[in-house]
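Here's final19.cif, which has mmCIF, C-alpha atoms:
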```
data_model
loop_
_atom_site.label_atom_id
_atom_site.label_comp_id
_atom_site.auth_asym_id
_atom_site.auth_seq_id
_atom_site.Cartn_x
_atom_site.Cartn_y
_atom_site.Cartn_z
CA MET A 26 4.06 -12.47 -8.62
CA PRO A 27 1.68 -11.17 -5.89
CA LEU A 28 4.45 -9.97 -3.53
CA ARG A 29 5.95 -7.81 -6.26
CA ALA A 30 2.49 -6.45 -6.99
CA LEU A 31 2.00 -5.59 -3.33
CA THR A 32 5.37 -3.87 -3.13
CA PHE A 33 4.59 -2.04 -6.38
CA LEU A 34 1.32 -0.82 -4.93
CA ALA A 35 3.09 0.45 -1.86
CA VAL A 36 5.19 2.73 -3.98
CA ALA A 37 2.08 3.71 -5.89
CA ALA A 38 0.35 5.08 -2.81
CA SER A 39 -0.59 8.70 -3.21
CA ALA A 40 -2.34 11.65 -1.53
CA GLY A 41 -0.72 15.01 -2.23
CA ALA A 42 -3.30 16.13 -4.73
CA ALA A 43 -6.95 16.55 -3.87
CA VAL A 44 -8.38 13.83 -6.10
CA SER A 45 -12.12 14.00 -6.69
CA ASP A 46 -12.76 10.24 -6.95
CA PRO A 47 -13.59 8.50 -3.64
CA ALA A 48 -11.61 5.47 -4.80
CA ALA A 49 -8.49 7.54 -4.12
CA LEU A 50 -9.23 7.91 -0.38
CA PRO A 51 -7.47 4.70 0.77
CA VAL A 52 -4.54 5.56 -1.49
CA GLU A 53 -4.36 9.05 0.00
CA THR A 54 -4.54 7.62 3.52
CA LEU A 55 -1.64 5.28 2.86
CA GLN A 56 0.39 7.96 1.12
CA ASP A 57 -0.02 10.37 4.03
CA SER A 58 1.24 7.73 6.45
CA LEU A 59 4.16 6.78 4.22
CA LEU A 60 5.24 10.41 3.82
CA LYS A 61 5.12 10.93 7.60
CA SER A 62 7.17 7.76 8.04
CA MET A 63 9.72 8.96 5.50
CA GLN A 64 9.92 12.45 6.99
CA ALA A 65 10.47 11.06 10.51
CA GLY A 66 13.56 9.33 9.17
CA GLN A 67 16.00 7.79 11.63
CA ALA A 68 14.50 9.76 14.55
CA VAL A 69 11.84 7.03 14.78
CA SER A 70 12.72 3.43 15.63
CA MET A 71 11.70 0.63 13.30
CA MET A 72 9.21 -0.61 15.93
CA GLN A 73 7.62 2.85 16.22
CA ARG A 74 7.39 3.09 12.44
CA TYR A 75 5.85 -0.41 12.30
CA ARG A 76 3.24 0.47 14.95
CA THR A 77 2.37 3.71 13.19
CA LEU A 78 1.93 2.08 9.79
CA GLU A 79 0.19 -1.08 11.07
CA PRO A 80 -3.40 0.24 11.43
CA VAL A 81 -3.21 2.12 8.12
CA ILE A 82 -1.89 -0.85 6.13
CA GLU A 83 -4.41 -3.21 7.73
CA LYS A 84 -7.18 -0.76 6.83
CA VAL A 85 -6.29 0.03 3.22
CA PHE A 86 -4.99 -3.32 1.99
CA ALA A 87 -7.15 -6.40 1.50
CA LEU A 88 -4.44 -8.52 3.14
CA PRO A 89 -6.56 -11.65 3.67
CA LEU A 90 -7.38 -11.63 -0.05
CA VAL A 91 -3.80 -10.87 -1.07
CA THR A 92 -2.56 -13.69 1.18
CA ARG A 93 -5.03 -16.13 -0.34
CA LEU A 94 -4.01 -15.12 -3.85
CA ALA A 95 -0.31 -15.33 -2.99
CA VAL A 96 -0.72 -18.85 -1.59
CA GLY A 97 -2.70 -19.93 -4.64
CA PRO A 98 -4.71 -23.14 -5.06
CA ASP A 99 -3.17 -24.73 -1.95
CA TRP A 100 -5.13 -22.21 0.13
CA ALA A 101 -8.17 -24.50 -0.09
CA THR A 102 -6.19 -27.26 1.65
CA PHE A 103 -5.26 -25.05 4.63
CA SER A 104 -7.20 -25.49 7.86
CA PRO A 105 -8.86 -22.32 9.24
CA ASP A 106 -6.04 -22.04 11.80
CA GLN A 107 -3.41 -22.33 9.06
CA GLN A 108 -5.21 -19.70 7.00
CA LYS A 109 -5.35 -17.37 9.99
CA ALA A 110 -1.63 -17.94 10.69
CA ALA A 111 -0.72 -17.32 7.04
CA ILE A 112 -2.71 -14.06 6.99
CA ALA A 113 -1.08 -12.93 10.25
CA ALA A 114 2.43 -13.74 8.96
CA PHE A 115 1.81 -12.05 5.60
CA THR A 116 0.38 -9.00 7.38
CA ARG A 117 3.43 -8.71 9.66
CA PHE A 118 5.75 -9.15 6.67
CA THR A 119 3.90 -6.48 4.66
CA ILE A 120 3.96 -3.93 7.48
CA ALA A 121 7.64 -4.60 8.22
CA ASN A 122 8.43 -4.23 4.51
CA TYR A 123 6.74 -0.81 4.38
CA ALA A 124 8.37 0.29 7.65
CA HIS A 125 11.78 -0.65 6.25
CA ASN A 126 11.34 0.78 2.75
CA PHE A 127 9.70 4.11 3.67
CA ARG A 128 12.14 5.42 6.28
CA ASP A 129 14.11 8.11 4.44
CA PHE A 130 12.97 11.42 2.99
CA ASP A 131 14.73 13.40 0.27
CA GLY A 132 12.03 15.73 -0.99
CA GLN A 133 9.85 13.06 -2.62
CA LYS A 134 6.17 13.73 -3.16
CA PHE A 135 3.21 11.64 -4.21
CA GLU A 136 0.56 12.62 -6.76
CA ILE A 137 -2.48 10.94 -8.30
CA ASP A 138 -3.69 11.74 -11.79
CA ASP A 139 -7.31 12.85 -11.28
CA ASN A 140 -8.38 10.81 -14.33
CA VAL A 141 -9.60 7.44 -13.02
CA VAL A 142 -9.81 4.81 -15.75
CA PRO A 143 -12.36 3.26 -16.14
CA PRO A 144 -14.93 4.62 -13.71
CA GLY A 145 -16.95 1.81 -12.18
CA PRO A 146 -16.68 -0.90 -9.53
CA SER A 147 -13.02 -1.60 -10.39
CA GLN A 148 -11.01 1.54 -10.97
CA CYS A 149 -7.44 2.06 -12.07
CA LEU A 150 -5.76 5.02 -10.41
CA LYS A 151 -2.60 6.50 -11.91
CA PRO A 152 -0.40 7.59 -8.99
CA LYS A 153 3.11 8.91 -9.40
CA LEU A 154 6.01 8.95 -6.93
CA GLU A 155 8.17 11.94 -7.71
CA PRO A 156 11.71 11.87 -6.38
CA GLN A 157 13.40 15.21 -6.07
CA ARG A 158 15.00 14.91 -9.54
CA ARG A 159 12.85 12.56 -11.64
CA SER A 160 9.34 11.20 -11.93
CA THR A 161 8.11 7.61 -12.05
CA GLN A 162 4.67 6.65 -13.40
CA LEU A 163 2.92 3.89 -11.47
CA GLY A 164 -0.34 1.96 -11.86
CA LEU A 165 -2.81 0.98 -9.17
CA GLN A 166 -6.13 -0.78 -9.31
CA ASP A 167 -8.59 -0.05 -6.51
CA THR A 168 -11.56 -2.36 -5.97
CA HIS A 169 -14.17 -1.94 -3.27
CA ALA A 170 -12.27 0.93 -1.56
CA SER A 171 -9.31 -1.18 -0.50
CA ILE A 172 -5.92 -1.48 -2.11
CA LEU A 173 -5.11 -4.85 -3.62
#
```

Can the structure in the file be given as structure tokens, please?
Amino acid sequence: MPLRALTFLAVAASAGAAVSDPAALPVETLQDSLLKSMQAGQAVSMMQRYRTLEPVIEKVFALPLVTRLAVGPDWATFSPDQQKAAIAAFTRFTIANYAHNFRDFDGQKFEIDDNVVPPGPSQCLKPKLEPQRRSTQLGLQDTHASIL
């Protein structure tokens, strides 16, 4: 399900480690923003958090592509105005989801395994979100320097 994949990728965002592969740059950018959002906690309103995350999420995610894939074959039957409206709604939903889910900080950190598999036009990064007490391995595929 594309929405689950998108949410999964949000958690997979990472930047703490200096990763040598340029494919990690958008992941690091997102991770930095998410950590700042989490560290701000309840001192920042949901609207402020949304506005802070909005340009980052729009930059690092291929939201028009993700929207098209989430809609599926019916996308071809949408008028250009309907497609534009669907992308706008999905974008707002995605940003609001991140703003809501990354609002508390309890010592978590993000890391990316420096081993990118396989190197090439489509690369699979192996980020990890580490809560204060346990570690969770995550997977992320990066294509054309944007997060899918």

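Comparing A:Ile112, A:Val81, A:Ala48, A:Leu60 by their smallest distance to Arg93 of chain A, the closest is A:Ile112 (using all atoms listed in the file).
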
(request) Please evaluate the PyMOL selection byres ((chain A and resi 82-85) around 8) against the displayed coordinates and give the resulting residues as a PyMOL selection string. (result) chain A and resi 51-52+54-55+78-81+86-88+116+120+170-172

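Taking atom CA of Asp129 of chain A as the reference point, atom CA of Thr77 of chain A is found at 15.3 Å.
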
(request) May I ask for the distance between atom CA of Gln64 of chain A and atom CA of Arg128 of chain A, given in Å to one decimal place? (result) 7.4 Å

(message) Around the point (5.5, 2.7, 10.3) (coordinates from the file), which residues reach within 10 Å if we count all atoms listed in the file? Answer as a ChimeraX atom specification.
(response) /A:58-59,61-63,65,69-82,120-128

(request) Calculate how many Å separate atom CA of Phe103 of chain A from atom CA of Pro89 of chain A, rounding to one decimal. (result) 13.5 Å

(request) Rank A:Gln56, A:Gln133, A:Gln108, A:Gln67 by their smallest atom-to-atom distance to Leu90 of chain A, using only C-alpha atoms, and report the top residue only. (result) A:Gln108

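For the choices A:Asp57, A:Thr92, A:Ala49, A:Gly66, the atom-to-atom distance to Asp131 of chain A is smallest for A:Gly66 when using all atoms listed in the file.
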